[in-house]
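Enquirer: The structure is given below, and queries will be raised subsequently.
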Amino acid sequence: MLVFLGAFAALPLLLPWLVSRIGARAFFVAAVLPLLAFVHAVTLAPAVFAGDIPFEEYRWIPAIDVSLSMRMDVLGWLLTLVVTGVGALVMLYCRWYFRGKTQGVGQFSAVLLAFAGAMYGLVLTDDIVVLIMLWEITSVLSYLLIGYYHARSSSRRAALQALLVTTLGGLVMLIGVVLMVVQAGTSSLSAILADPPTGTVVDIAVLLLLVGALSKSAIFPFHFWLPGAMAAPTPVSAYLHAAAMVKAGIYLVARLAPGFAETPFWRPTLITLGVFTMLLGGFQALRERDLKRILAFGTVSQLGFLTVMLGYGTRDAALAGVALLLSHALFKSCLFLIVGVIDRQLNTRDIGQLSGLGRQAPVMATASFIAIGSMAGVIPTLGFVAKETALTALLHEAEAGAGWGIVALIGIVLGSALTAAYGIRFLWGAYWT
């Protein structure tokens with residue numbers, strides 16, 4: 001794992017030169033590394049599921065007990081598959097998306113691969129200090145990716161907005177990390193969660209960590225930066241804003257929930273903000289005419305859904321949340337890539353200008369139907385399994401008399417109805433008259 005992390009740091013340095021020699025075909029080379037990391041994670045699956053958790057460590061700063069430690073438990077394993085698998089596919093997509101283009105492509109390829117490496121390290125590191133470093137690295141790299149069209153003021157503005165929101169959230173999170181390490185006496189995440197510290201200072205630290213997580217995952221009141229980031233090229237939207245970067249905050253919530261879900265403010269904060277974000281994003285998606293912005297607000301809505309499930313703090317809710325996380329990464333990145341094809345071929349994403357595309361591109365329309373079906377929870381997709389599991393988990397909590405379980409269940413049902421509605425709006429707008 002450490003070898004892959006080092007490779008993710010080194011290979012991007014070669015990509016600008018490689019692009020200058022062979023053009024966009026260099027993305028084939030860039031896709032090899034995340035593909036190898038994906039295969040490596042798959043080969044480790046038996047050990048991970050057996051509880052023999054792979055662990056590697058390099059003593060980096062012994063004076064303050066900070067290590068480059070990589071630990072692949074089931075949650076880290078799943079996020080690794082998402083980050084590397086979707087990353088490899090997006091790299092291959094870039095080969096055709098940037099065909100015939102040369103300006104800025106070398107830098108773009110290097111930054112995109114470096115971002116994949118930062119996310120790979122973020123979901124596997126067992127040191128919370130290293131995690132916050134990688135957290136901020138992803139913010140800086142996302143700024144460069146969102147601002148790829150730097151000649152456009154809208155792109156520069158969107159990139160700066162995303163950087164400010166996620167970086168300021170990260171700085172708040174840094175204070176929480178310092179407090180947590182001091183109170184726990186260790187920077188090891190697994191050690192902290194195995195024996196969670198308690199007290200007022202720890203509660204404050206957890207709250208500050210949540211601020212960083214919510215800002216990264218575009219949860220209200222930090223939701224506004226994500227739709228603006230749609231000014232980025234479509235591969236960035238598919239990877240960062242559907243599969244990887246926005247999942248960093250969700251990952252942190254899922255990671256901390258087993259140890260701190262009983263903190264007094266945990267459920268009220270995450271369920272209230274998660275449900276409100278899901279409903280807000282769903283309503284706004286119904287008002288948009290741009291296919292990409294429909295998906296952007298839909299992503300905001302789905303991130304609210306994930307926050308509720310992974311933040312609820314029970315085993316069943318956590319399993320449902322993990323299934324939702326995987327299904328969302330797959331169907332939403334697929335839909336963003338499809339929108340990229342439509343935009344590149346027709347030079348428009350406005351549903352008022354698109355008509356009859358389903359007859360012209362039946363294969364793409366079929367892929368969209370499957371992805372939207374998964375998003376809406378239609379049998380027999382993975383999204384159906386995930387959503388039914390989520391509803392079942394919350395229904396059991398509500399039947400047991402849990403007040404926040406009732407709130408979460410009602411919110412998820414209403415939000416799911418909105419999900420189906422803007423999914424239908426997307427399909428009709430893109431493929432019918």
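Going through the structure tokens in order, the chains are called A, B, and so on, while each chain numbers its residues from 1 and the ligands are numbered from 1 in the order shown.
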Using only C-alpha atoms, which residues of region 140-250 of chain A come within 10 Å of region 297-303 of chain A, and what is the closest atom pair for each, with the distance in Å to one decimal? Give it as JSON lines, sorted by chain and residue number.
Expert:
{"residue": "A:Leu214", "atom": "CA", "partner": "A:Leu303", "partner_atom": "CA", "distance": 9.6}
{"residue": "A:Ser217", "atom": "CA", "partner": "A:Leu303", "partner_atom": "CA", "distance": 6.8}
{"residue": "A:Ala218", "atom": "CA", "partner": "A:Val300", "partner_atom": "CA", "distance": 6.4}
{"residue": "A:Ile219", "atom": "CA", "partner": "A:Val300", "partner_atom": "CA", "distance": 7.0}
{"residue": "A:Phe220", "atom": "CA", "partner": "A:Val300", "partner_atom": "CA", "distance": 8.9}
{"residue": "A:His223", "atom": "CA", "partner": "A:Val300", "partner_atom": "CA", "distance": 6.7}
{"residue": "A:Phe224", "atom": "CA", "partner": "A:Val300", "partner_atom": "CA", "distance": 9.0}
{"residue": "A:Leu226", "atom": "CA", "partner": "A:Val300", "partner_atom": "CA", "distance": 7.4}
{"residue": "A:Pro227", "atom": "CA", "partner": "A:Phe297", "partner_atom": "CA", "distance": 6.3}
{"residue": "A:His241", "atom": "CA", "partner": "A:Thr299", "partner_atom": "CA", "distance": 7.8}
{"residue": "A:Ala242", "atom": "CA", "partner": "A:Thr299", "partner_atom": "CA", "distance": 6.9}
{"residue": "A:Val246", "atom": "CA", "partner": "A:Leu303", "partner_atom": "CA", "distance": 8.0}
{"residue": "A:Lys247", "atom": "CA", "partner": "A:Leu303", "partner_atom": "CA", "distance": 8.1}
{"residue": "A:Gly249", "atom": "CA", "partner": "A:Leu303", "partner_atom": "CA", "distance": 9.5}
{"residue": "A:Ile250", "atom": "CA", "partner": "A:Leu303", "partner_atom": "CA", "distance": 7.7}
Enquirer: Which of region 207-399 of chain A end up as alpha helix (DSSP H) when DSSP is run on this backbone - answer as a PyMOL selection string?
Expert: chain A and resi 207-216+225-228+234-238+245-260+266-285+291-312+315-346+357-360+362-376+382-399
Enquirer: Extract, using only C-alpha atoms, all DNA, RNA and protein residues at most 9 Å from Asp316 (chain A), discarding same-chain residues fewer than 4 positions from it, and format them as a ChimeraX atom specification.
Expert: /A:320-321,389-390,392-394
Enquirer: Store the residues of this selection in a file with C-alpha atoms, as a compact mmCIF listing (two decimals), in the first residue's frame.
Expert:
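Saved file again_6.txt follows:
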# COMPACT_ATOMS: atom_id res chain seq x y z
CA ALA A 320 -27.24 0.28 4.34
CA GLY A 321 -25.09 3.42 4.14
CA THR A 389 -31.97 -1.86 3.34
CA ALA A 390 -31.92 1.79 4.43
CA THR A 392 -35.79 -1.29 6.67
CA ALA A 393 -33.11 -0.16 9.11
CA LEU A 394 -34.88 3.13 9.82
Enquirer: For region 40-44 of chain A, list every protein, DNA or RNA residue within 10 Å, evaluated using only C-alpha atoms, and leave out those in the same chain fewer than 6 positions away; present the list as a ChimeraX atom specification.
Expert: /A:1,4,34,52-54,72,76-78,80-81,84
Enquirer: Go through A:Leu141, A:Ala285, A:Ala323, A:Ala110 and flag the residue nearest Leu418 (chain A), using only C-alpha atoms for the distances.
Expert: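 Answer, going by the shortest atom-to-atom distance: A:Ala285.
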Enquirer: Determine which residues of region 68-221 of chain A DSSP labels as strand (DSSP E or B) from the backbone of this structure, then write them out as an mmCIF file with all heavy atoms, in the first residue's frame.
Expert:
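Output file out-v8.cif follows:
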data_model
loop_
_atom_site.group_PDB
_atom_site.id
_atom_site.type_symbol
_atom_site.label_atom_id
_atom_site.label_comp_id
_atom_site.auth_asym_id
_atom_site.auth_seq_id
_atom_site.Cartn_x
_atom_site.Cartn_y
_atom_site.Cartn_z
ATOM 1 N N LEU A 68 3.416 7.217 8.573
ATOM 2 C CA LEU A 68 2.707 6.906 7.338
ATOM 3 C C LEU A 68 2.206 5.474 7.481
ATOM 4 O O LEU A 68 2.873 4.520 7.099
ATOM 5 C CB LEU A 68 3.632 7.044 6.129
ATOM 6 C CG LEU A 68 4.022 8.462 5.714
ATOM 7 C CD1 LEU A 68 5.034 8.417 4.586
ATOM 8 C CD2 LEU A 68 2.791 9.260 5.292
ATOM 9 N N SER A 69 1.036 5.336 8.086
ATOM 10 C CA SER A 69 0.485 4.007 8.359
ATOM 11 C C SER A 69 -0.742 3.782 7.493
ATOM 12 O O SER A 69 -1.601 4.647 7.370
ATOM 13 C CB SER A 69 0.118 3.867 9.840
ATOM 14 O OG SER A 69 -0.728 4.925 10.250
ATOM 15 N N MET A 70 -0.804 2.614 6.869
ATOM 16 C CA MET A 70 -1.904 2.259 5.974
ATOM 17 C C MET A 70 -2.585 1.012 6.526
ATOM 18 O O MET A 70 -1.937 -0.020 6.755
ATOM 19 C CB MET A 70 -1.388 2.000 4.563
ATOM 20 C CG MET A 70 -0.524 3.118 3.995
ATOM 21 S SD MET A 70 -1.477 4.535 3.467
ATOM 22 C CE MET A 70 -1.983 4.008 1.841
ATOM 23 N N ARG A 71 -3.903 1.123 6.717
ATOM 24 C CA ARG A 71 -4.671 0.024 7.321
ATOM 25 C C ARG A 71 -5.924 -0.207 6.487
ATOM 26 O O ARG A 71 -6.757 0.684 6.345
ATOM 27 C CB ARG A 71 -5.044 0.382 8.753
ATOM 28 C CG ARG A 71 -5.782 -0.693 9.533
ATOM 29 C CD ARG A 71 -5.979 -0.231 10.977
ATOM 30 N NE ARG A 71 -6.634 -1.244 11.773
ATOM 31 C CZ ARG A 71 -7.957 -1.373 11.893
ATOM 32 N NH1 ARG A 71 -8.756 -0.525 11.248
ATOM 33 N NH2 ARG A 71 -8.477 -2.317 12.647
ATOM 34 N N THR A 125 -5.197 5.653 5.344
ATOM 35 C CA THR A 125 -4.293 6.011 6.430
ATOM 36 C C THR A 125 -4.918 5.751 7.796
ATOM 37 O O THR A 125 -6.123 5.951 7.997
ATOM 38 C CB THR A 125 -3.867 7.485 6.312
ATOM 39 O OG1 THR A 125 -2.917 7.762 7.344
ATOM 40 C CG2 THR A 125 -5.055 8.426 6.469
ATOM 41 N N ASP A 127 -3.391 7.152 10.480
ATOM 42 C CA ASP A 127 -2.911 8.271 11.293
ATOM 43 C C ASP A 127 -3.761 9.497 11.011
ATOM 44 O O ASP A 127 -3.810 9.985 9.885
ATOM 45 C CB ASP A 127 -1.434 8.550 10.979
ATOM 46 C CG ASP A 127 -0.791 9.460 12.018
ATOM 47 O OD1 ASP A 127 -1.226 10.629 12.119
ATOM 48 O OD2 ASP A 127 0.126 9.012 12.721
ATOM 49 N N SER A 188 -3.353 7.441 16.191
ATOM 50 C CA SER A 188 -3.854 6.275 15.467
ATOM 51 C C SER A 188 -5.378 6.251 15.518
ATOM 52 O O SER A 188 -5.976 6.203 16.597
ATOM 53 C CB SER A 188 -3.296 4.989 16.068
ATOM 54 O OG SER A 188 -3.954 3.860 15.536
#
Enquirer: Pick out the closest residue to Glu262 (chain A) from this set: A:Phe305, A:Phe108, A:Tyr239, A:Tyr312. Count only C-alpha atoms.
Expert: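 When distances to Glu262 (chain A) are compared using only C-alpha atoms, the smallest one comes from A:Tyr312.
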Enquirer: In Å to one decimal, how far is CA of Phe336 (chain A) from CA of Leu354 (chain A)?
Expert: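 We find that CA of Leu354 (chain A) and CA of Phe336 (chain A) lie 16.5 Å from each other.
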Enquirer: Within 10 Å of Leu75 (chain A), counting only C-alpha atoms, which residues show up once you throw out same-chain ones fewer than 5 positions away? Write them as a PyMOL selection string, please.
Expert: chain A and resi 48+80+123-124+251+254-255+322
Enquirer: If we count only C-alpha atoms, what is near Ser327 (chain A) at a cut-off of 8 Å, once residues fewer than 4 positions away on the same chain are taken out, given as a PDB file with N, CA and C atoms, in the first residue's frame?
Expert:
ATOM      1  N   ALA A 323     -23.764   0.315   1.364  1.00  0.00           N
ATOM      2  CA  ALA A 323     -24.338  -0.102   0.080  1.00  0.00           C
ATOM      3  C   ALA A 323     -24.752   1.111  -0.751  1.00  0.00           C
ATOM      4  N   PHE A 331     -23.611   4.811 -10.075  1.00  0.00           N
ATOM      5  CA  PHE A 331     -24.618   5.381 -10.986  1.00  0.00           C
ATOM      6  C   PHE A 331     -24.383   6.857 -11.261  1.00  0.00           C
ATOM      7  N   SER A 374     -31.152   2.685 -10.822  1.00  0.00           N
ATOM      8  CA  SER A 374     -30.419   2.414  -9.591  1.00  0.00           C
ATOM      9  C   SER A 374     -30.544   3.580  -8.611  1.00  0.00           C
ATOM     10  N   MET A 375     -30.479   4.809  -9.130  1.00  0.00           N
ATOM     11  CA  MET A 375     -30.609   5.987  -8.278  1.00  0.00           C
ATOM     12  C   MET A 375     -31.988   6.051  -7.612  1.00  0.00           C
ATOM     13  N   LEU A 382     -28.504  -2.411  -7.827  1.00  0.00           N
ATOM     14  CA  LEU A 382     -27.841  -2.294  -6.522  1.00  0.00           C
ATOM     15  C   LEU A 382     -28.476  -1.173  -5.702  1.00  0.00           C
ATOM     16  N   GLY A 383     -28.906  -0.099  -6.386  1.00  0.00           N
ATOM     17  CA  GLY A 383     -29.566   0.993  -5.687  1.00  0.00           C
ATOM     18  C   GLY A 383     -30.837   0.545  -4.990  1.00  0.00           C
ATOM     19  N   ALA A 386     -29.797  -1.247  -1.795  1.00  0.00           N
ATOM     20  CA  ALA A 386     -29.303  -0.280  -0.816  1.00  0.00           C
ATOM     21  C   ALA A 386     -30.447   0.519  -0.196  1.00  0.00           C
TER      22      ALA A 386
END
Enquirer: Can you list, as a PyMOL selection string, every protein, DNA or RNA residue that comes within 7 Å of region 133-140 of chain A when you count only C-alpha atoms, leaving out same-chain residues fewer than 6 positions away?
Expert: chain A and resi 115+118+122+163+166-167+170
Enquirer: With only C-alpha atoms as the basis for distance, which of A:Phe369, A:Trp60, A:Phe27, A:Trp17 is at the shortest distance from Ala88 (chain A)?
Expert: A:Phe27
Enquirer: Can you work out which one of A:Gly282, A:Gly228, A:Pro46, A:Gly117 has the shortest atom-to-atom distance to Leu414 (chain A), counting only C-alpha atoms?
Expert: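 Of A:Gly282, A:Gly228, A:Pro46, A:Gly117, the one nearest Leu414 (chain A) is A:Gly282, counting only C-alpha atoms.
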Enquirer: Between CA of Thr198 (chain A) and CA of Phe260 (chain A), what is the distance in Å, rounded to a tenth?
Expert: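 These two atoms are separated by 9.2 Å.
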Enquirer: Measure the distance from CA of Ala244 (chain A) to CA of Tyr422 (chain A) in Å and round it to one decimal.
Expert: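 Those two atoms sit 22.7 Å apart.
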